[in-house]
Amino acid sequence: MSIEKTNVTKTKSPVDAPGVAAGAAVTAVDPRLLVREQGFAGYLSEFKRKVKGGDLGAIPVVIGLIVICAIFQSLNSAFLGAENINNILVAMVATGMMSVGIVFVLMLGEIDLSVGSVSGVSSAITAVLSVTHGVNEWLAVLISLAAGAVIGALHGFFFARLGAPAFAVTLAGLLFWNGFMLQILGSNGTINIDGDGVVGKLTTYYFSDVAAAYGLALIAVLAYFVPTFLGNRRREAAGIPSRPLSDIIMRTVLLAIAMFGVAIIFNQYKGLPLAVLLFGIVLVGTDFLLRRTSYGRKVNALGGSVEASRRAGINVTAIRISVFSIAGLFAAVGGLFWASKIAAANQSAGAGDLLMNVIAAAVIGGTSLFGGRGRTWNALLGVLVITSIQYGLALQGIATPIQYMITGGVLLATVVIDSITRKTQKTAGRA
């Protein structure tokens with residue numbers, strides 16, 4: 001009897017001690033709000049929390065990019081020159097556009113092996129319609145983009161509706177659409193494109209006025225600061241934890257340094273490249289789609305768990321088909337940029353290492369091969385790494401086989417890091 005009394009006295013439940021429970025509830029802090037509640041001091045706590053939980057984000061690829069630039073700059077001072085940086089940024093756009101579409105597919109935990117062939121079909125359709133048959137070039141471009149979206153939707157239909165594995169469906173698409181491209185190009189195999197036309201100017205047109213690059217930098221900085229500042233004010237008015245003003249100013253200043261630094265480099269060469277401007281618009285638009293819309297949340301949910309998404313009322317089939325359609329659309333866009341780069345549509349379009357570079361760019365940039373994690377900005381980081389390696393090695397006169405080996409090594413390291421990260425997250429109970 002005395003033992004039972006002792007136990008009752010020493011053990012207090014939340015019901016017996018509501019004050020204690022309430023105090024615990026007040027002091028508990030959501031770790032995601034550490035930065036907002038603690039200001040600059042919260043960055044260290046947030047960083048430690050993410051690393052401990054296996055969430056490295058873009059840290060490895062950013063560090064890798066800095067190391068790559070440092071190494072090649074030490075070997076050749078022309079690497080970080082205005083002309084070479086412009087060439088890298090313009091050259092990356094074709095692969096980057098295609099990689100944006102692949103990010104959507106990878107977020108589902110699937111793969112699309114047909115994007116290289118679809119890009120070739122896009123350039124071939126545009127060239128055949130505009131050059132051979134005299135169709136208005138704008139109309140030919142729109143038809144080729146629509147064809148890419150329809151082809152992607154067709155692949156998605158076989159995968160999502162009929163249950164065929166995405167790997168097998170898109171592998172068949174790789175072969176079929178490559179043959180289709182060769183067929184419509186005809187026996188000649190090459191159709192030259194007008195360098196002053198719509199497609200021709202995609203990679204050759206520059207806004208030479210210095211105000212263009214500086215104006216774009218200013219717009220980008222304001223587009224970040226104004227919504228962030230106003231959103232923060234609304235959070236404060238609602239009594240919700242918000243970022244300190246000093247934090248917002250610091251982020252804005254860092255963004256301004258980066259944007260105006262790039263603008264200075266552009267203006268030291270030919271000006272703002274049209275290709276880079278279009279790529280930036282695509283990145284901002286697709287990032288907004290994935291992070292700020294219900295469609296994007298459905299894509300993320302589907303990558304996390306198909307069954308949970310289905311039970312939540314998400315139309316799994318429709319989302320899957322739409323994702324493959326998006327991949328086909330951006331494959332077509334990339335095909336037009338490749339055609340612009342060589343001023344022709346030919347039989348080699350979409351061949352070689354293009355497919356591997358497109359997938360590698362998304363994965364190296366931080367998109368998980370296992371699905372459920374990725375942003376379209378990953379395509380930018382990944383394609384920057386790959387293109388920088390290619391141009392750096394080219395400046396040193398190193399042969400293509402070595403470029404393949406180094407890119408393959410970087411991709412392997414990225415996949416290993418991704419696998420280790422997932423294991424760490426599972427251990428921490430976050431996956």
# chains A, B, ... in the order shown; residues from 1 in each chain; ligands from 1
>>> select_by_dssp(residues="range 62-263 of chain A", states="helix (DSSP H, G or I)", output="ChimeraX atom specification")
/A:62-75,82-107,115-132,137-160,166-185,200-202,210-237,245-263
>>> closest_atom_pairs(of="range 64-123 of chain A", to="range 316-334 of chain A", cutoff="10 Å", atoms="only C-alpha atoms", output="CSV")
residue,atom,partner,partner_atom,distance
A:Val93,CA,A:Gly334,CA,7.6
A:Ala94,CA,A:Gly334,CA,4.5
A:Thr95,CA,A:Gly334,CA,6.3
A:Gly96,CA,A:Gly334,CA,7.6
A:Met97,CA,A:Gly334,CA,5.3
A:Met98,CA,A:Ala331,CA,4.7
A:Ser99,CA,A:Phe330,CA,7.9
A:Val100,CA,A:Phe330,CA,7.0
A:Gly101,CA,A:Ala327,CA,3.9
A:Ile102,CA,A:Ala327,CA,5.7
A:Val103,CA,A:Ala327,CA,8.3
A:Phe104,CA,A:Val323,CA,6.0
A:Val105,CA,A:Val323,CA,6.1
A:Leu106,CA,A:Val323,CA,9.7
A:Met107,CA,A:Val323,CA,9.4
A:Leu108,CA,A:Arg320,CA,7.9
A:Glu110,CA,A:Arg320,CA,9.8
A:Ile111,CA,A:Phe324,CA,9.4
A:Asp112,CA,A:Phe324,CA,7.8
A:Ser114,CA,A:Gly328,CA,8.4
A:Val115,CA,A:Ala331,CA,5.3
A:Gly116,CA,A:Ala331,CA,7.0
A:Ser117,CA,A:Ala331,CA,8.5
A:Val118,CA,A:Ala331,CA,6.0
A:Ser119,CA,A:Ala332,CA,4.6
A:Gly120,CA,A:Ala332,CA,7.7
A:Val121,CA,A:Ala332,CA,7.6
A:Ser122,CA,A:Ala332,CA,5.0
A:Ser123,CA,A:Ala332,CA,7.5
>>> closest_residue(among="A:Ile193, A:Leu162, A:Leu277, A:Leu380", to="Tyr206 in chain A", atoms="only C-alpha atoms")
A:Leu277
>>> closest_residue(among="A:Gly261, A:Gly231, A:Gly285, A:Pro165", to="Ile248 in chain A", atoms="only C-alpha atoms")
A:Gly231
>>> select_by_dssp(residues="range 21-239 of chain A", states="strand (DSSP E)", output="VMD selection string")
chain A and resid 190 to 192 206 to 207
>>> closest_residue(among="A:Ile125, A:Leu283, A:Ala213, A:Leu80", to="Ile68 in chain A", atoms="only C-alpha atoms")
A:Leu80
>>> residues_around(residues="Lys201 in chain A", least_positions_apart="6", cutoff="12 Å", atoms="only C-alpha atoms", output="list in words")
Val90, Ile193, Asp194, Gly195, Phe207, Pro273, Leu274, Ala275, Leu336, Phe337, Trp338, Ala339, Ser340, Lys341, Ile342 and Ala343 of chain A
>>> write_last_selection(atoms="N, CA and C atoms", output="PDB file, in the first residue's frame")
ATOM      1  N   VAL A  90      25.643  30.375 -72.070  1.00  0.00           N
ATOM      2  CA  VAL A  90      24.799  30.174 -73.260  1.00  0.00           C
ATOM      3  C   VAL A  90      24.763  28.698 -73.639  1.00  0.00           C
ATOM      4  N   ILE A 193      19.215  25.922 -90.945  1.00  0.00           N
ATOM      5  CA  ILE A 193      18.229  26.863 -90.409  1.00  0.00           C
ATOM      6  C   ILE A 193      18.752  28.282 -90.579  1.00  0.00           C
ATOM      7  N   ASP A 194      17.863  29.193 -90.891  1.00  0.00           N
ATOM      8  CA  ASP A 194      18.235  30.599 -91.059  1.00  0.00           C
ATOM      9  C   ASP A 194      18.785  31.153 -89.746  1.00  0.00           C
ATOM     10  N   GLY A 195      20.037  31.593 -89.776  1.00  0.00           N
ATOM     11  CA  GLY A 195      20.668  32.111 -88.565  1.00  0.00           C
ATOM     12  C   GLY A 195      20.013  33.378 -88.030  1.00  0.00           C
ATOM     13  N   PHE A 207      21.298  41.303 -75.997  1.00  0.00           N
ATOM     14  CA  PHE A 207      20.826  42.669 -75.754  1.00  0.00           C
ATOM     15  C   PHE A 207      22.068  43.509 -75.443  1.00  0.00           C
ATOM     16  N   PRO A 273      22.619  37.769 -72.908  1.00  0.00           N
ATOM     17  CA  PRO A 273      22.219  36.773 -73.904  1.00  0.00           C
ATOM     18  C   PRO A 273      20.724  36.441 -73.782  1.00  0.00           C
ATOM     19  N   LEU A 274      20.050  36.380 -74.923  1.00  0.00           N
ATOM     20  CA  LEU A 274      18.635  36.018 -74.932  1.00  0.00           C
ATOM     21  C   LEU A 274      18.431  34.634 -74.331  1.00  0.00           C
ATOM     22  N   ALA A 275      19.326  33.707 -74.631  1.00  0.00           N
ATOM     23  CA  ALA A 275      19.198  32.333 -74.140  1.00  0.00           C
ATOM     24  C   ALA A 275      19.171  32.282 -72.616  1.00  0.00           C
ATOM     25  N   LEU A 336      15.231  22.874 -79.800  1.00  0.00           N
ATOM     26  CA  LEU A 336      15.303  24.119 -80.569  1.00  0.00           C
ATOM     27  C   LEU A 336      16.587  24.879 -80.253  1.00  0.00           C
ATOM     28  N   PHE A 337      17.003  24.861 -79.001  1.00  0.00           N
ATOM     29  CA  PHE A 337      18.259  25.542 -78.640  1.00  0.00           C
ATOM     30  C   PHE A 337      19.467  24.825 -79.239  1.00  0.00           C
ATOM     31  N   TRP A 338      19.411  23.497 -79.288  1.00  0.00           N
ATOM     32  CA  TRP A 338      20.506  22.763 -79.935  1.00  0.00           C
ATOM     33  C   TRP A 338      20.555  23.066 -81.423  1.00  0.00           C
ATOM     34  N   ALA A 339      19.394  23.141 -82.063  1.00  0.00           N
ATOM     35  CA  ALA A 339      19.349  23.479 -83.486  1.00  0.00           C
ATOM     36  C   ALA A 339      19.894  24.884 -83.721  1.00  0.00           C
ATOM     37  N   SER A 340      19.595  25.796 -82.805  1.00  0.00           N
ATOM     38  CA  SER A 340      20.106  27.159 -82.919  1.00  0.00           C
ATOM     39  C   SER A 340      21.627  27.186 -82.795  1.00  0.00           C
ATOM     40  N   LYS A 341      22.146  26.350 -81.914  1.00  0.00           N
ATOM     41  CA  LYS A 341      23.590  26.339 -81.659  1.00  0.00           C
ATOM     42  C   LYS A 341      24.385  25.917 -82.893  1.00  0.00           C
ATOM     43  N   ILE A 342      23.862  24.930 -83.645  1.00  0.00           N
ATOM     44  CA  ILE A 342      24.578  24.446 -84.836  1.00  0.00           C
ATOM     45  C   ILE A 342      23.955  24.959 -86.130  1.00  0.00           C
ATOM     46  N   ALA A 343      22.892  25.781 -85.995  1.00  0.00           N
ATOM     47  CA  ALA A 343      22.197  26.380 -87.149  1.00  0.00           C
ATOM     48  C   ALA A 343      21.700  25.332 -88.122  1.00  0.00           C
TER      49      ALA A 343
END
>>> closest_residue(among="A:Ala394, A:Ala263, A:Val61, A:Val210", to="Ala362 in chain A", atoms="only C-alpha atoms")
A:Val61
>>> atom_distance(atom1="CA of Ala168 in chain A", atom2="CA of Arg311 in chain A")
27.4 Å
>>> atom_distance(atom1="CA of Phe72 in chain A", atom2="CA of Gly392 in chain A")
5.7 Å
>>> residues_around(residues="Asn315 in chain A", least_positions_apart="6", cutoff="10 Å", atoms="only C-alpha atoms", output="PyMOL selection string")
chain A and resi 298+302+309
>>> atom_distance(atom1="CA of Asn300 in chain A", atom2="CA of Leu384 in chain A")
24.7 Å
>>> residues_around(residues="Ser388 in chain A", least_positions_apart="3", cutoff="12 Å", atoms="only C-alpha atoms", output="PyMOL selection string")
chain A and resi 64-73+79-80+84-92+361+380-385+391-395+403+406-407
>>> closest_residue(among="A:Gly189, A:Pro60, A:Gly304, A:Gly352", to="Phe370 in chain A", atoms="only C-alpha atoms")
A:Gly304
>>> closest_residue(among="A:Met181, A:Ala301, A:Ile281, A:Val221", to="Leu254 in chain A", atoms="only C-alpha atoms")
A:Val221
>>> decode(residues="range 380-391 of chain A", atoms="N, CA and C atoms", output="mmCIF file, in the first residue's frame")
data_model
loop_
_atom_site.group_PDB
_atom_site.id
_atom_site.type_symbol
_atom_site.label_atom_id
_atom_site.label_comp_id
_atom_site.auth_asym_id
_atom_site.auth_seq_id
_atom_site.Cartn_x
_atom_site.Cartn_y
_atom_site.Cartn_z
ATOM 1 N N LEU A 380 19.821 24.042 -62.916
ATOM 2 C CA LEU A 380 20.797 25.097 -63.147
ATOM 3 C C LEU A 380 22.146 24.735 -62.526
ATOM 4 N N LEU A 381 22.133 24.325 -61.260
ATOM 5 C CA LEU A 381 23.380 23.991 -60.585
ATOM 6 C C LEU A 381 24.085 22.825 -61.264
ATOM 7 N N GLY A 382 23.318 21.790 -61.598
ATOM 8 C CA GLY A 382 23.912 20.603 -62.212
ATOM 9 C C GLY A 382 24.499 20.876 -63.580
ATOM 10 N N VAL A 383 23.761 21.605 -64.413
ATOM 11 C CA VAL A 383 24.260 21.870 -65.769
ATOM 12 C C VAL A 383 25.435 22.836 -65.728
ATOM 13 N N LEU A 384 25.489 23.699 -64.726
ATOM 14 C CA LEU A 384 26.656 24.574 -64.550
ATOM 15 C C LEU A 384 27.905 23.747 -64.252
ATOM 16 N N VAL A 385 27.757 22.743 -63.391
ATOM 17 C CA VAL A 385 28.886 21.867 -63.058
ATOM 18 C C VAL A 385 29.383 21.135 -64.302
ATOM 19 N N ILE A 386 28.445 20.514 -65.036
ATOM 20 C CA ILE A 386 28.832 19.725 -66.211
ATOM 21 C C ILE A 386 29.464 20.595 -67.292
ATOM 22 N N THR A 387 28.830 21.723 -67.613
ATOM 23 C CA THR A 387 29.350 22.592 -68.677
ATOM 24 C C THR A 387 30.672 23.222 -68.275
ATOM 25 N N SER A 388 30.823 23.576 -67.002
ATOM 26 C CA SER A 388 32.091 24.149 -66.533
ATOM 27 C C SER A 388 33.218 23.136 -66.679
ATOM 28 N N ILE A 389 32.949 21.881 -66.341
ATOM 29 C CA ILE A 389 33.959 20.828 -66.507
ATOM 30 C C ILE A 389 34.327 20.678 -67.976
ATOM 31 N N GLN A 390 33.327 20.651 -68.848
ATOM 32 C CA GLN A 390 33.583 20.487 -70.273
ATOM 33 C C GLN A 390 34.430 21.628 -70.830
ATOM 34 N N TYR A 391 34.068 22.866 -70.506
ATOM 35 C CA TYR A 391 34.816 24.013 -71.030
ATOM 36 C C TYR A 391 36.190 24.133 -70.381
#
